[in-house]
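**Q** Have a peek at protein_4.txt (compact mmCIF, C-alpha atoms).
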# COMPACT_ATOMS: atom_id res chain seq x y z
CA MET W 174 186.83 176.73 22.87
CA SER W 175 188.42 174.69 25.53
CA GLN W 176 186.61 171.69 26.74
CA LYS W 177 186.09 171.10 30.45
CA VAL W 178 187.48 168.12 32.27
CA TYR W 179 185.19 166.49 34.81
CA ILE W 180 184.96 163.73 37.33
CA ALA W 181 181.80 162.37 38.92
CA LEU W 182 181.79 160.55 42.23
CA GLN W 183 179.07 158.93 44.29
CA ASP W 184 177.76 161.26 46.97
CA ILE W 185 178.60 158.99 49.88
CA GLU W 186 180.63 159.12 53.10
CA ASP W 187 183.68 157.46 51.51
CA ALA W 188 183.83 160.00 48.71
CA ARG W 189 183.49 163.09 50.88
CA PRO W 190 187.16 163.45 51.79
CA ILE W 191 188.09 162.95 48.13
CA ILE W 192 185.64 165.61 47.01
CA GLU W 193 186.90 168.00 49.68
CA ALA W 194 190.49 167.35 48.64
CA ILE W 195 189.70 168.00 44.99
CA THR W 196 187.93 171.28 45.70
CA ASP W 197 190.74 172.37 48.04
CA ASP W 198 193.45 171.61 45.51
CA ASN W 199 191.56 173.02 42.53
CA PRO W 200 190.02 176.36 43.49
CA HIS W 201 188.90 176.89 39.86
CA ALA W 202 186.79 173.74 39.89
CA VAL W 203 183.00 173.88 40.01
CA LEU W 204 181.08 171.49 42.22
CA LEU W 205 177.71 170.33 40.91
CA LYS W 206 175.39 168.29 43.08
CA TYR W 207 173.06 165.74 41.59
CA PRO W 208 170.94 163.09 43.26
CA ALA W 209 173.44 160.62 44.74
CA MET W 210 176.23 162.06 42.62
CA VAL W 211 178.71 164.88 42.77
CA ARG W 212 180.21 166.18 39.56
CA ILE W 213 183.30 168.34 39.59
CA GLU W 214 184.11 170.30 36.45
CA ALA W 215 187.10 172.45 35.69
CA GLU W 216 188.59 174.44 32.87
CA GLY W 217 191.93 173.06 31.81
CA LYS W 218 193.04 170.69 34.47
CA LEU W 219 191.97 168.81 37.60
CA VAL W 220 194.56 167.48 40.02
CA ILE W 221 193.75 164.91 42.66
CA LYS W 222 196.51 164.65 45.24
CA ARG W 223 197.08 161.65 47.46
CA GLU W 224 198.60 163.74 50.21
CA THR W 225 195.58 166.03 50.55
CA ILE W 226 193.21 163.10 50.69
CA GLU W 227 195.38 161.38 53.30
CA GLU W 228 195.18 164.49 55.45
CA LYS W 229 191.38 164.38 55.24
CA VAL W 230 190.92 160.67 55.88
CA GLY W 231 193.66 160.42 58.50
CA ARG W 232 195.26 157.29 57.07
CA ASP W 233 197.32 156.09 54.14
CA PHE W 234 195.38 156.34 50.92
CA ASP W 235 196.00 154.54 47.66
CA LEU W 236 194.82 156.64 44.71
CA GLN W 237 193.35 153.47 43.21
CA GLU W 238 190.74 153.64 45.97
CA LEU W 239 189.29 156.43 43.90
CA HIS W 240 187.67 153.78 41.72
CA LEU W 241 185.49 152.59 44.57
CA THR W 242 183.42 155.75 44.36
CA LEU W 243 184.12 156.85 40.81
CA ILE W 244 181.17 157.08 38.41
CA THR W 245 182.66 158.68 35.35
CA LEU W 246 185.30 161.09 34.20
CA GLY W 247 186.30 163.10 31.17
CA GLY W 248 189.83 164.01 30.18
CA ASN W 249 193.14 162.35 29.49
CA ILE W 250 194.61 160.81 32.57
CA ASP W 251 198.11 161.21 33.91
CA GLU W 252 198.58 158.95 36.84
CA THR W 253 201.34 158.52 39.39
CA ASP W 254 201.34 157.18 42.95
CA ASP W 255 200.94 160.73 44.24
CA GLU W 256 198.72 162.44 41.72
CA PHE W 257 195.84 161.74 39.41
CA ILE W 258 195.64 164.44 36.75
CA LEU W 259 192.83 165.04 34.30
CA GLN W 260 193.34 167.27 31.27
CA TRP W 261 192.56 167.32 27.56
CA LYS W 262 195.63 166.85 25.42
CA ASN W 263 194.64 167.84 21.94
CA MET H 151 154.97 154.33 23.99
CA GLN H 152 157.59 156.54 25.39
CA VAL H 153 158.69 156.29 28.98
CA ASP H 154 160.30 159.27 30.60
CA ILE H 155 162.43 158.49 33.59
CA LYS H 156 162.42 161.34 35.98
CA THR H 157 164.64 161.66 39.00
CA THR H 158 163.36 163.17 42.18
CA GLU H 159 165.94 164.41 44.58
CA MET H 160 165.26 163.64 48.21
CA LYS H 161 167.18 166.00 50.43
CA PRO H 162 167.88 164.79 53.94
CA ILE H 163 165.96 166.82 56.52
CA ARG H 164 169.17 167.63 58.35
CA ASN H 165 172.81 167.10 57.54
CA THR H 166 174.01 166.23 61.00
CA TYR H 167 173.38 166.76 64.70
CA GLY H 168 172.82 170.31 65.91
CA HIS H 169 175.95 170.39 68.07
CA ILE H 170 178.11 169.15 65.21
CA ALA H 171 176.61 171.70 62.81
CA GLU H 172 177.36 174.45 65.35
CA ARG H 173 181.00 173.46 65.34
CA PHE H 174 181.66 172.51 61.72
CA GLY H 175 178.87 174.20 59.77
CA ASP H 176 175.65 172.72 58.47
CA LYS H 177 176.98 170.10 56.08
CA PRO H 178 177.30 166.33 56.11
CA ALA H 179 179.68 165.46 58.94
CA SER H 180 182.17 162.62 59.05
CA ARG H 181 181.52 159.71 61.36
CA TYR H 182 184.59 160.67 63.33
CA GLN H 183 183.13 164.10 64.01
CA GLU H 184 179.74 162.71 64.99
CA ALA H 185 181.26 160.05 67.24
CA THR H 186 183.63 162.46 68.95
CA TYR H 187 182.83 166.13 69.29
CA ASP H 188 180.88 167.48 72.27
CA LEU H 189 179.87 163.98 73.21
CA GLN H 190 180.78 163.99 76.87
CA ALA H 191 178.48 165.62 79.42
CA THR H 192 179.66 169.01 80.68
CA ASP H 193 176.86 170.26 82.95
CA HIS H 194 174.10 169.20 85.29
CA PHE H 195 175.92 166.42 87.06
CA HIS H 196 174.19 164.63 89.85
CA TYR H 197 176.10 163.81 93.04
CA ARG H 198 179.74 164.68 93.38
CA PRO H 199 182.04 161.68 93.46
CA LEU H 200 182.69 160.31 96.95
CA TRP H 201 186.37 159.88 96.04
CA GLU H 202 186.82 163.55 95.22
CA PRO H 203 183.90 165.54 96.58
CA GLU H 204 185.44 168.93 95.80
CA LYS H 205 185.03 168.31 92.07
CA GLU H 206 182.26 167.32 89.71
CA LEU H 207 182.23 163.81 88.28
CA ILE H 208 183.73 165.18 85.07
CA ASP H 209 185.70 168.30 85.81
CA GLU H 210 188.05 170.49 83.79
CA SER H 211 190.14 171.28 86.84
CA ARG H 212 191.69 167.82 87.11
CA THR H 213 194.65 169.19 85.19
CA LYS H 214 196.51 172.47 85.44
CA LEU H 215 196.34 172.76 81.68
CA LYS H 216 193.76 175.32 80.61
CA MET H 217 191.80 175.14 77.37
CA LYS H 218 189.07 177.51 76.23
CA ASP H 219 187.70 174.67 74.17
CA TRP H 220 188.54 171.11 75.06
CA TYR H 221 187.46 170.08 71.59
CA ALA H 222 190.13 172.14 69.88
CA PHE H 223 192.04 168.86 69.67
CA LYS H 224 191.78 166.48 66.78
CA ASP H 225 193.10 162.97 66.34
CA PRO H 226 194.79 163.03 62.92
CA ARG H 227 194.07 159.31 62.61
CA GLN H 228 190.36 160.09 63.10
CA PHE H 229 189.86 157.05 65.28
CA TYR H 230 186.46 156.31 66.66
CA TYR H 231 185.61 152.80 67.77
CA GLY H 232 184.86 151.49 64.29
CA THR H 233 187.94 152.84 62.53
CA TYR H 234 190.19 152.03 65.49
CA VAL H 235 189.13 148.40 65.57
CA ALA H 236 189.42 148.09 61.79
CA ALA H 237 192.93 149.61 61.80
CA ARG H 238 194.13 147.35 64.62
CA ALA H 239 192.56 144.25 63.09
CA LYS H 240 194.59 144.92 59.96
CA MET H 241 197.80 145.39 61.95
CA ASN H 242 197.09 142.23 63.95
CA GLU H 243 196.65 140.27 60.76
CA GLY H 244 200.15 141.33 59.72
CA ALA H 245 201.56 140.47 63.13
CA GLU H 246 199.88 137.04 63.11
CA ALA H 247 201.35 136.38 59.68
CA ASN H 248 204.81 137.27 61.04
CA PHE H 249 204.42 134.94 64.02
CA ASN H 250 203.24 132.16 61.72
CA PHE H 251 206.15 132.71 59.39
CA VAL H 252 208.72 132.60 62.21
CA ASP H 253 207.02 129.48 63.52
CA SER H 254 206.72 127.65 60.21
CA LYS H 255 210.32 128.32 59.18
CA GLY H 256 211.61 127.43 62.62
CA LEU H 257 213.45 130.75 62.74
CA ALA H 258 213.44 130.86 66.54
CA GLU H 259 215.75 127.83 66.71
CA LYS H 260 218.30 129.68 64.58
CA LEU H 261 218.63 132.60 67.00
CA THR H 262 222.00 132.90 68.68
CA ASP H 263 222.36 132.78 72.46
CA SER H 264 223.34 136.41 72.63
CA VAL H 265 220.20 137.48 70.77
CA ILE H 266 218.04 135.32 72.99
CA SER H 267 219.59 136.70 76.15
CA THR H 268 219.09 140.30 74.94
CA VAL H 269 215.44 139.50 74.24
CA LYS H 270 215.00 137.84 77.61
CA GLU H 271 216.77 140.51 79.59
CA CYS H 272 215.87 143.70 77.76
CA ILE H 273 212.63 143.16 75.84
CA LEU H 274 210.53 140.72 77.86
CA PRO H 275 210.57 142.72 81.13
CA LEU H 276 208.96 145.60 79.21
CA ARG H 277 205.65 143.77 79.28
CA HIS H 278 205.40 144.97 82.87
CA LEU H 279 206.00 148.53 81.74
CA GLY H 280 203.02 148.01 79.44
CA LEU H 281 200.83 147.58 82.50
CA SER H 282 201.58 151.04 83.85
CA ALA H 283 201.17 152.53 80.38
CA ASN H 284 197.78 150.85 80.20
CA MET H 285 196.72 152.00 83.66
CA ASN H 286 197.99 155.52 83.12
CA ASN H 287 196.00 155.90 79.95
CA SER H 288 192.92 154.45 81.63
CA GLU H 289 193.44 157.10 84.29
CA MET H 290 193.61 159.84 81.64
CA THR H 291 190.42 158.45 80.16
CA ALA H 292 188.71 158.55 83.53
CA LYS H 293 189.89 161.97 84.61
CA GLY H 294 190.31 163.69 81.27
CA PHE H 295 187.98 166.22 79.75
CA GLY H 296 186.60 165.99 76.24
CA THR H 297 185.82 162.85 74.27
CA VAL H 298 188.25 163.88 71.54
CA THR H 299 191.09 163.20 73.97
CA THR H 300 189.65 160.54 76.24
CA GLN H 301 188.59 158.16 73.51
CA ALA H 302 192.10 158.22 72.05
CA THR H 303 193.69 157.64 75.48
CA MET H 304 191.46 154.59 75.90
CA TYR H 305 192.67 153.22 72.56
CA TYR H 306 196.24 153.93 73.65
CA ALA H 307 195.58 151.98 76.85
CA MET H 308 194.28 149.01 74.89
CA ASP H 309 197.20 149.22 72.47
CA HIS H 310 199.60 148.78 75.38
CA LEU H 311 197.73 145.68 76.54
CA GLY H 312 198.07 144.31 73.03
CA ILE H 313 201.76 145.17 72.84
CA ALA H 314 202.41 143.54 76.21
CA GLN H 315 200.70 140.42 74.88
CA TYR H 316 202.90 140.41 71.81
CA ILE H 317 205.97 140.75 74.03
CA SER H 318 204.73 137.78 76.06
CA ARG H 319 204.31 135.75 72.88
CA ILE H 320 207.85 136.59 71.85
CA GLY H 321 208.85 135.13 75.22
CA LEU H 322 206.99 131.93 74.39
CA VAL H 323 208.66 131.81 70.98
CA VAL H 324 212.16 131.97 72.46
CA ASP H 325 211.56 129.59 75.38
CA GLY H 326 209.79 126.88 73.40
CA ASN H 327 206.32 127.62 74.84
CA THR H 328 207.29 126.85 78.41
CA GLY H 329 206.76 130.29 79.91
CA THR H 330 210.01 130.13 81.87
CA SER H 331 211.32 133.24 80.12
CA LEU H 332 208.32 135.19 81.39
CA THR H 333 208.86 134.10 84.98
CA GLN H 334 212.49 135.07 84.61
CA ALA H 335 211.54 138.43 83.08
CA LYS H 336 209.25 139.16 86.03
CA ALA H 337 212.07 138.36 88.44
CA LEU H 338 214.37 140.71 86.51
CA TRP H 339 211.72 143.44 86.52
CA MET H 340 211.41 143.12 90.31
CA ASP H 341 215.08 142.79 91.23
CA ALA H 342 217.60 143.42 88.44
CA PRO H 343 219.41 146.70 89.14
CA TYR H 344 219.32 147.90 85.50
CA LEU H 345 215.51 147.83 85.52
CA GLN H 346 214.81 149.36 88.92
CA GLY H 347 215.01 152.94 87.67
CA LEU H 348 212.43 152.15 85.04
CA ARG H 349 210.19 150.36 87.52
CA ARG H 350 210.46 153.28 89.91
CA LEU H 351 209.54 155.67 87.10
CA ALA H 352 206.57 153.50 86.14
CA GLU H 353 205.35 153.54 89.73
CA ASP H 354 205.83 157.28 90.02
CA THR H 355 203.76 157.88 86.90
CA LEU H 356 201.03 155.75 88.43
CA CYS H 357 200.91 158.27 91.29
CA CYS H 358 200.80 161.34 89.05
CA ASP H 359 197.54 163.17 89.79
CA ASP H 360 197.35 165.65 86.95
CA TRP H 361 196.05 163.77 83.91
CA PHE H 362 197.64 165.96 81.27
CA GLU H 363 200.97 165.86 83.08
CA LEU H 364 200.54 162.11 82.96
CA PHE H 365 199.92 162.35 79.22
CA VAL H 366 203.19 164.26 78.81
CA ALA H 367 205.09 161.90 81.11
CA GLN H 368 203.82 158.62 79.71
CA ASN H 369 202.74 159.10 76.12
CA LEU H 370 205.07 161.86 75.02
CA VAL H 371 208.24 161.49 77.06
CA LEU H 372 208.58 157.92 78.30
CA ASP H 373 207.14 156.20 75.24
CA GLY H 374 208.70 158.84 72.99
CA MET H 375 212.15 157.81 74.23
CA MET H 376 211.59 154.16 75.05
CA TYR H 377 210.22 153.21 71.61
CA PRO H 378 213.11 154.60 69.54
CA LEU H 379 215.56 153.10 72.03
CA VAL H 380 214.05 149.63 72.18
CA TYR H 381 212.30 149.17 68.84
CA GLU H 382 214.88 150.98 66.75
CA SER H 383 218.32 150.86 68.39
CA ILE H 384 218.08 147.61 70.35
CA ILE H 385 216.11 145.78 67.69
CA ASN H 386 218.56 147.00 65.02
CA SER H 387 221.46 145.62 66.98
CA ILE H 388 219.61 142.32 67.44
CA GLU H 389 219.00 142.27 63.71
CA GLU H 390 222.69 142.78 63.02
CA GLN H 391 223.40 139.73 65.14
CA GLY H 392 221.13 137.61 62.98
CA GLY H 393 217.92 138.18 64.89
CA THR H 394 215.72 139.16 61.96
CA ALA H 395 212.99 136.94 63.40
CA ILE H 396 212.78 139.17 66.48
CA SER H 397 212.60 142.26 64.34
CA MET H 398 209.67 140.72 62.44
CA LEU H 399 207.89 139.93 65.69
CA THR H 400 208.22 143.50 66.93
CA ASP H 401 207.06 145.04 63.67
CA PHE H 402 203.68 145.75 65.27
CA MET H 403 205.34 148.04 67.85
CA THR H 404 207.31 149.90 65.18
CA GLN H 405 204.21 150.46 63.05
CA TRP H 406 202.17 151.39 66.09
CA MET H 407 204.59 154.07 67.26
CA LYS H 408 204.86 155.54 63.79
CA GLU H 409 201.09 155.87 63.64
CA THR H 410 200.39 156.88 67.23
CA LYS H 411 203.02 159.58 67.64
CA ARG H 412 201.09 161.65 65.10
CA TRP H 413 198.22 161.83 67.57
CA VAL H 414 200.45 162.53 70.59
CA ASP H 415 202.22 165.32 68.68
CA ALA H 416 198.92 166.81 67.51
CA GLU H 417 197.65 166.83 71.09
CA ILE H 418 200.77 168.58 72.40
CA ASN H 419 200.77 170.99 69.48
CA VAL H 420 197.21 172.17 70.16
CA ALA H 421 197.67 172.30 73.94
CA ALA H 422 200.94 174.24 73.75
CA GLY H 423 199.62 176.50 71.01
CA GLU H 424 196.64 177.56 73.13
CA SER H 425 198.57 179.93 75.41
CA GLU H 426 201.97 180.83 76.80
CA TYR H 427 200.75 179.54 80.14
CA ASN H 428 200.10 176.09 78.66
CA LYS H 429 203.36 176.09 76.79
CA ASP H 430 205.37 176.88 79.93
CA LEU H 431 203.46 174.26 81.84
CA ILE H 432 204.06 171.55 79.25
CA GLN H 433 207.71 172.58 78.99
CA SER H 434 208.13 172.18 82.74
CA TRP H 435 206.56 168.71 82.58
CA ILE H 436 208.76 167.69 79.66
CA THR H 437 211.88 168.90 81.49
CA LYS H 438 210.89 167.08 84.65
CA TRP H 439 209.97 163.76 83.06
CA SER H 440 212.57 163.61 80.32
CA LYS H 441 215.27 163.84 82.95
CA ARG H 442 213.65 160.93 84.78
CA ALA H 443 213.15 158.91 81.60
CA THR H 444 216.77 159.41 80.53
CA GLU H 445 218.03 158.23 83.91
CA ALA H 446 215.68 155.26 83.89
CA LEU H 447 216.38 154.10 80.35
CA ALA H 448 220.16 154.56 80.31
CA PRO H 449 220.96 151.38 82.30
CA LEU H 450 218.69 149.38 79.98
CA ALA H 451 220.47 150.83 76.94
CA ASP H 452 223.85 149.97 78.44
CA LYS H 453 222.73 146.45 79.28
CA ALA H 454 221.39 145.79 75.78
CA LEU H 455 223.93 147.67 73.68
CA GLY H 456 227.02 147.85 75.82
CA ALA H 457 229.38 150.53 74.62
CA SER H 458 226.93 151.98 72.09
CA GLY H 459 224.21 152.37 74.72
CA ALA H 460 225.01 156.01 75.32
CA ALA H 461 224.81 156.81 71.61
CA ALA H 462 221.44 155.05 71.40
CA MET H 463 220.17 157.12 74.34
CA LYS H 464 221.27 160.23 72.50
CA ASP H 465 219.39 159.10 69.39
CA ALA H 466 216.27 158.45 71.46
CA ALA H 467 216.46 161.89 73.04
CA GLN H 468 217.12 163.44 69.66
CA SER H 469 214.11 161.66 68.20
CA LEU H 470 211.84 163.06 70.91
CA ASN H 471 213.45 166.46 70.78
CA SER H 472 212.81 166.82 67.07
CA ARG H 473 209.13 166.05 67.70
CA VAL H 474 208.62 168.59 70.49
CA ALA H 475 210.74 171.19 68.71
CA LYS H 476 207.91 171.56 66.18
CA CYS H 477 205.74 172.91 69.00
CA GLY H 478 208.48 175.28 70.18
CA LEU H 479 209.38 173.02 73.09
CA SER H 480 212.59 171.24 73.97
CA LEU H 481 213.89 168.52 76.24
Can you present the structure in this file as structure tokens?
**A**
Amino acid sequence: MSQKVYIALQDIEDARPIIEAITDDNPHAVLLKYPAMVRIEAEGKLVIKRETIEEKVGRDFDLQELHLTLITLGGNIDETDDEFILQWKN
Amino acid sequence: MQVDIKTTEMKPIRNTYGHIAERFGDKPASRYQEATYDLQATDHFHYRPLWEPEKELIDESRTKLKMKDWYAFKDPRQFYYGTYVAARAKMNEGAEANFNFVDSKGLAEKLTDSVISTVKECILPLRHLGLSANMNNSEMTAKGFGTVTTQATMYYAMDHLGIAQYISRIGLVVDGNTGTSLTQAKALWMDAPYLQGLRRLAEDTLCCDDWFELFVAQNLVLDGMMYPLVYESIINSIEEQGGTAISMLTDFMTQWMKETKRWVDAEINVAAGESEYNKDLIQSWITKWSKRATEALAPLADKALGASGAAAMKDAAQSLNSRVAKCGLSL
């Protein structure tokens, strides 16, 4: 059985464009709402793209800004300046 | 004793304002959306303005451009007052640091005479052009329709005040804080033959009644050609002559244009995409004003760049042309 990757972000104004970008770029992802938290789960792989977030926020975005709203995540991370990828590498 | 911690979720009663929900769906809205869309009054005005009694105080018919929805526009930078001020404060910090650096290293004293005379003759007079850009955008803000456009034109107006101030400070840097270069630049702006076309154009834009035509003339065409010419070609040539200090001091303008043209292009794209009628209209304005801008800027290019002035004008036109081509328009 494959394990899901997930990322949880605070449910605040700053995180909204990031959440939107993730759900746009990963149509297979499932969005779960909790009090003050949004958890996004996906089979296989989650890709967070800088470019999509930049489009939503209307300014340059550094993927490290993700950490300002990040609560937790599960998966092995592949990180570049343009993409933040979560997947399990067994 | 065992303590169970239970969470209770408190849902907000509403996600956003009714008019925002109507437009974007009932979900949490961004601050930009709430501070922008459907903000301006559209109906039930009181007296008609004494200065134009045939129209309402805020009236769609102040431009020939026709939009079904004046909020079809969107500023890709998503500037409302808060984000605009924060973005500019950051840019100003960078610019201040550049001025301090040039000052502390005494870089201004190392500039050659030819660089200084190009700055004095071709850059400093442009602070007066900033005034008409400021007034024109204030005019668009006053006569325009839809907060999504008019708030951005107001920021554009303020940006030009800021840029004119930076140009003035460059003057003070090169004349040792005496202000003589600014007096000289004003005299050039009023009388020097190579600037009279530009001054005439600035004055003609001030008399342009249609606010969206003014947007095309000032923000798209004139600035769209003047910025690449001055802040790319002329500054590059100054840099090649050892004027790196000047290029540092004009970094604000370069950054500003790079950022702001995204909004201008988005505005044109939506307006021209609305209908063939709009597209033809905007095309006719571009044709009319780009001809004027080319004539007005060419003497300045020649003055600053000599033999390569014509090539720089071509680059400037090409730069603007590649922007409007994306909307199916051309110079």
**Q** List every protein, DNA or RNA residue that has at least one atom no more than 6 Å from (177.5, 166.4, 57.9) in the file's coordinates, counting all atoms listed in the file, and write the result as a PyMOL selection string.
**A** chain H and resi 165-166+177-179
**Q** Limited to C-alpha atoms, could you put the picked residues into a file as an mmCIF file, in the frame of the given file?
**A**
data_model
loop_
_atom_site.group_PDB
_atom_site.id
_atom_site.type_symbol
_atom_site.label_atom_id
_atom_site.label_comp_id
_atom_site.auth_asym_id
_atom_site.auth_seq_id
_atom_site.Cartn_x
_atom_site.Cartn_y
_atom_site.Cartn_z
ATOM 1 C CA ASN H 165 172.810 167.100 57.540
ATOM 2 C CA THR H 166 174.010 166.230 61.000
ATOM 3 C CA LYS H 177 176.980 170.100 56.080
ATOM 4 C CA PRO H 178 177.300 166.330 56.110
ATOM 5 C CA ALA H 179 179.680 165.460 58.940
#
**Q** Distance cut-off 12 Å, counting all atoms listed in the file - which residues of chain W neighbour chain H? Return them as a PyMOL selection string.
**A** chain W and resi 184-190+193+206-210+227-233
**Q** Can you spit out the residues from that selection as a short mmCIF file (atom, residue, chain, number, x, y, z; two decimals), keeping the file's coordinate frame, using C-alpha atoms?
**A**
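Once written, out_13.cif looks like this:
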data_model
loop_
_atom_site.label_atom_id
_atom_site.label_comp_id
_atom_site.auth_asym_id
_atom_site.auth_seq_id
_atom_site.Cartn_x
_atom_site.Cartn_y
_atom_site.Cartn_z
CA ASP W 184 177.76 161.26 46.97
CA ILE W 185 178.60 158.99 49.88
CA GLU W 186 180.63 159.12 53.10
CA ASP W 187 183.68 157.46 51.51
CA ALA W 188 183.83 160.00 48.71
CA ARG W 189 183.49 163.09 50.88
CA PRO W 190 187.16 163.45 51.79
CA GLU W 193 186.90 168.00 49.68
CA LYS W 206 175.39 168.29 43.08
CA TYR W 207 173.06 165.74 41.59
CA PRO W 208 170.94 163.09 43.26
CA ALA W 209 173.44 160.62 44.74
CA MET W 210 176.23 162.06 42.62
CA GLU W 227 195.38 161.38 53.30
CA GLU W 228 195.18 164.49 55.45
CA LYS W 229 191.38 164.38 55.24
CA VAL W 230 190.92 160.67 55.88
CA GLY W 231 193.66 160.42 58.50
CA ARG W 232 195.26 157.29 57.07
CA ASP W 233 197.32 156.09 54.14
#
**Q** Rounded to one decimal place, report the CA of Ala466 in chain H-CA of Trp361 in chain H distance in Å.
**A** 24.3 Å
**Q** From the options W:Trp261, W:Leu182, W:Lys177, W:Thr253, which residue's atoms come nearest to Ala215 in chain W, counting only C-alpha atoms?
**A**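 Nearest candidate to Ala215 in chain W out of W:Trp261, W:Leu182, W:Lys177, W:Thr253: W:Lys177.
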**Q** Quote the spacing between CA of Lys453 in chain H and CA of Ile273 in chain H in Å to one decimal place.
**A**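 Between CA of Lys453 in chain H and CA of Ile273 in chain H the gap works out to 11.2 Å.
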**Q** For Leu239 in chain W, list every protein, DNA or RNA residue within 12 Å, evaluated using all atoms listed in the file, and leave out those in the same chain fewer than 2 positions away; present the list as a PDB file with C-alpha atoms, in the coordinates of the input.
**A**
ATOM      1  CA  ILE W 180     184.960 163.730  37.330  1.00  0.00           C
ATOM      2  CA  ALA W 181     181.800 162.370  38.920  1.00  0.00           C
ATOM      3  CA  LEU W 182     181.790 160.550  42.230  1.00  0.00           C
ATOM      4  CA  GLN W 183     179.070 158.930  44.290  1.00  0.00           C
ATOM      5  CA  ASP W 187     183.680 157.460  51.510  1.00  0.00           C
ATOM      6  CA  ALA W 188     183.830 160.000  48.710  1.00  0.00           C
ATOM      7  CA  ARG W 189     183.490 163.090  50.880  1.00  0.00           C
ATOM      8  CA  PRO W 190     187.160 163.450  51.790  1.00  0.00           C
ATOM      9  CA  ILE W 191     188.090 162.950  48.130  1.00  0.00           C
ATOM     10  CA  ILE W 192     185.640 165.610  47.010  1.00  0.00           C
ATOM     11  CA  ALA W 194     190.490 167.350  48.640  1.00  0.00           C
ATOM     12  CA  ILE W 195     189.700 168.000  44.990  1.00  0.00           C
ATOM     13  CA  ILE W 221     193.750 164.910  42.660  1.00  0.00           C
ATOM     14  CA  LYS W 222     196.510 164.650  45.240  1.00  0.00           C
ATOM     15  CA  ARG W 223     197.080 161.650  47.460  1.00  0.00           C
ATOM     16  CA  ILE W 226     193.210 163.100  50.690  1.00  0.00           C
ATOM     17  CA  PHE W 234     195.380 156.340  50.920  1.00  0.00           C
ATOM     18  CA  ASP W 235     196.000 154.540  47.660  1.00  0.00           C
ATOM     19  CA  LEU W 236     194.820 156.640  44.710  1.00  0.00           C
ATOM     20  CA  GLN W 237     193.350 153.470  43.210  1.00  0.00           C
ATOM     21  CA  LEU W 241     185.490 152.590  44.570  1.00  0.00           C
ATOM     22  CA  THR W 242     183.420 155.750  44.360  1.00  0.00           C
ATOM     23  CA  LEU W 243     184.120 156.850  40.810  1.00  0.00           C
ATOM     24  CA  ILE W 244     181.170 157.080  38.410  1.00  0.00           C
ATOM     25  CA  THR W 245     182.660 158.680  35.350  1.00  0.00           C
ATOM     26  CA  LEU W 246     185.300 161.090  34.200  1.00  0.00           C
ATOM     27  CA  GLU W 252     198.580 158.950  36.840  1.00  0.00           C
ATOM     28  CA  GLU W 256     198.720 162.440  41.720  1.00  0.00           C
ATOM     29  CA  PHE W 257     195.840 161.740  39.410  1.00  0.00           C
TER      30      PHE W 257
END
**Q** Do you know which residues are at most 10 Å from Gly312 in chain H counting only C-alpha atoms, after dropping those on the same chain fewer than 2 positions away, and could you put them as a PDB file with C-alpha atoms, in the coordinates of the input?
**A**
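The result, written out as selection.pdb:
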ATOM      1  CA  ARG H 238     194.130 147.350  64.620  1.00  0.00           C
ATOM      2  CA  ASN H 242     197.090 142.230  63.950  1.00  0.00           C
ATOM      3  CA  ARG H 277     205.650 143.770  79.280  1.00  0.00           C
ATOM      4  CA  GLY H 280     203.020 148.010  79.440  1.00  0.00           C
ATOM      5  CA  ASN H 284     197.780 150.850  80.200  1.00  0.00           C
ATOM      6  CA  TYR H 306     196.240 153.930  73.650  1.00  0.00           C
ATOM      7  CA  ALA H 307     195.580 151.980  76.850  1.00  0.00           C
ATOM      8  CA  MET H 308     194.280 149.010  74.890  1.00  0.00           C
ATOM      9  CA  ASP H 309     197.200 149.220  72.470  1.00  0.00           C
ATOM     10  CA  HIS H 310     199.600 148.780  75.380  1.00  0.00           C
ATOM     11  CA  ALA H 314     202.410 143.540  76.210  1.00  0.00           C
ATOM     12  CA  GLN H 315     200.700 140.420  74.880  1.00  0.00           C
ATOM     13  CA  TYR H 316     202.900 140.410  71.810  1.00  0.00           C
ATOM     14  CA  ILE H 317     205.970 140.750  74.030  1.00  0.00           C
ATOM     15  CA  SER H 318     204.730 137.780  76.060  1.00  0.00           C
ATOM     16  CA  PHE H 402     203.680 145.750  65.270  1.00  0.00           C
ATOM     17  CA  MET H 403     205.340 148.040  67.850  1.00  0.00           C
TER      18      MET H 403
END
**Q** How big is the axis-aligned box around the listed atoms of range 240-248 of chain W once 8 Å is added on each side, and where is its centre? Give both in Å to one decimal, as JSON.
**A**
{"center_x": 185.5, "center_y": 158.3, "center_z": 37.4, "size_x": 24.7, "size_y": 27.4, "size_z": 30.4}
**Q** Some atoms are absent from range 472-476 of chain H, so rebuild N, CA and C atoms and return them as a PDB file, in the frame of the given file.
**A**
ATOM      1  N   SER H 472     213.219 166.292  68.371  1.00  0.00           N
ATOM      2  CA  SER H 472     212.810 166.820  67.070  1.00  0.00           C
ATOM      3  C   SER H 472     211.282 166.872  66.961  1.00  0.00           C
ATOM      4  N   ARG H 473     210.602 165.998  67.710  1.00  0.00           N
ATOM      5  CA  ARG H 473     209.130 166.050  67.700  1.00  0.00           C
ATOM      6  C   ARG H 473     208.617 167.262  68.464  1.00  0.00           C
ATOM      7  N   VAL H 474     209.147 167.478  69.681  1.00  0.00           N
ATOM      8  CA  VAL H 474     208.620 168.590  70.490  1.00  0.00           C
ATOM      9  C   VAL H 474     209.093 169.940  69.960  1.00  0.00           C
ATOM     10  N   ALA H 475     210.222 169.929  69.233  1.00  0.00           N
ATOM     11  CA  ALA H 475     210.740 171.190  68.710  1.00  0.00           C
ATOM     12  C   ALA H 475     209.721 171.850  67.776  1.00  0.00           C
ATOM     13  N   LYS H 476     208.925 171.020  67.095  1.00  0.00           N
ATOM     14  CA  LYS H 476     207.910 171.560  66.180  1.00  0.00           C
ATOM     15  C   LYS H 476     206.861 172.377  66.930  1.00  0.00           C
TER      16      LYS H 476
END
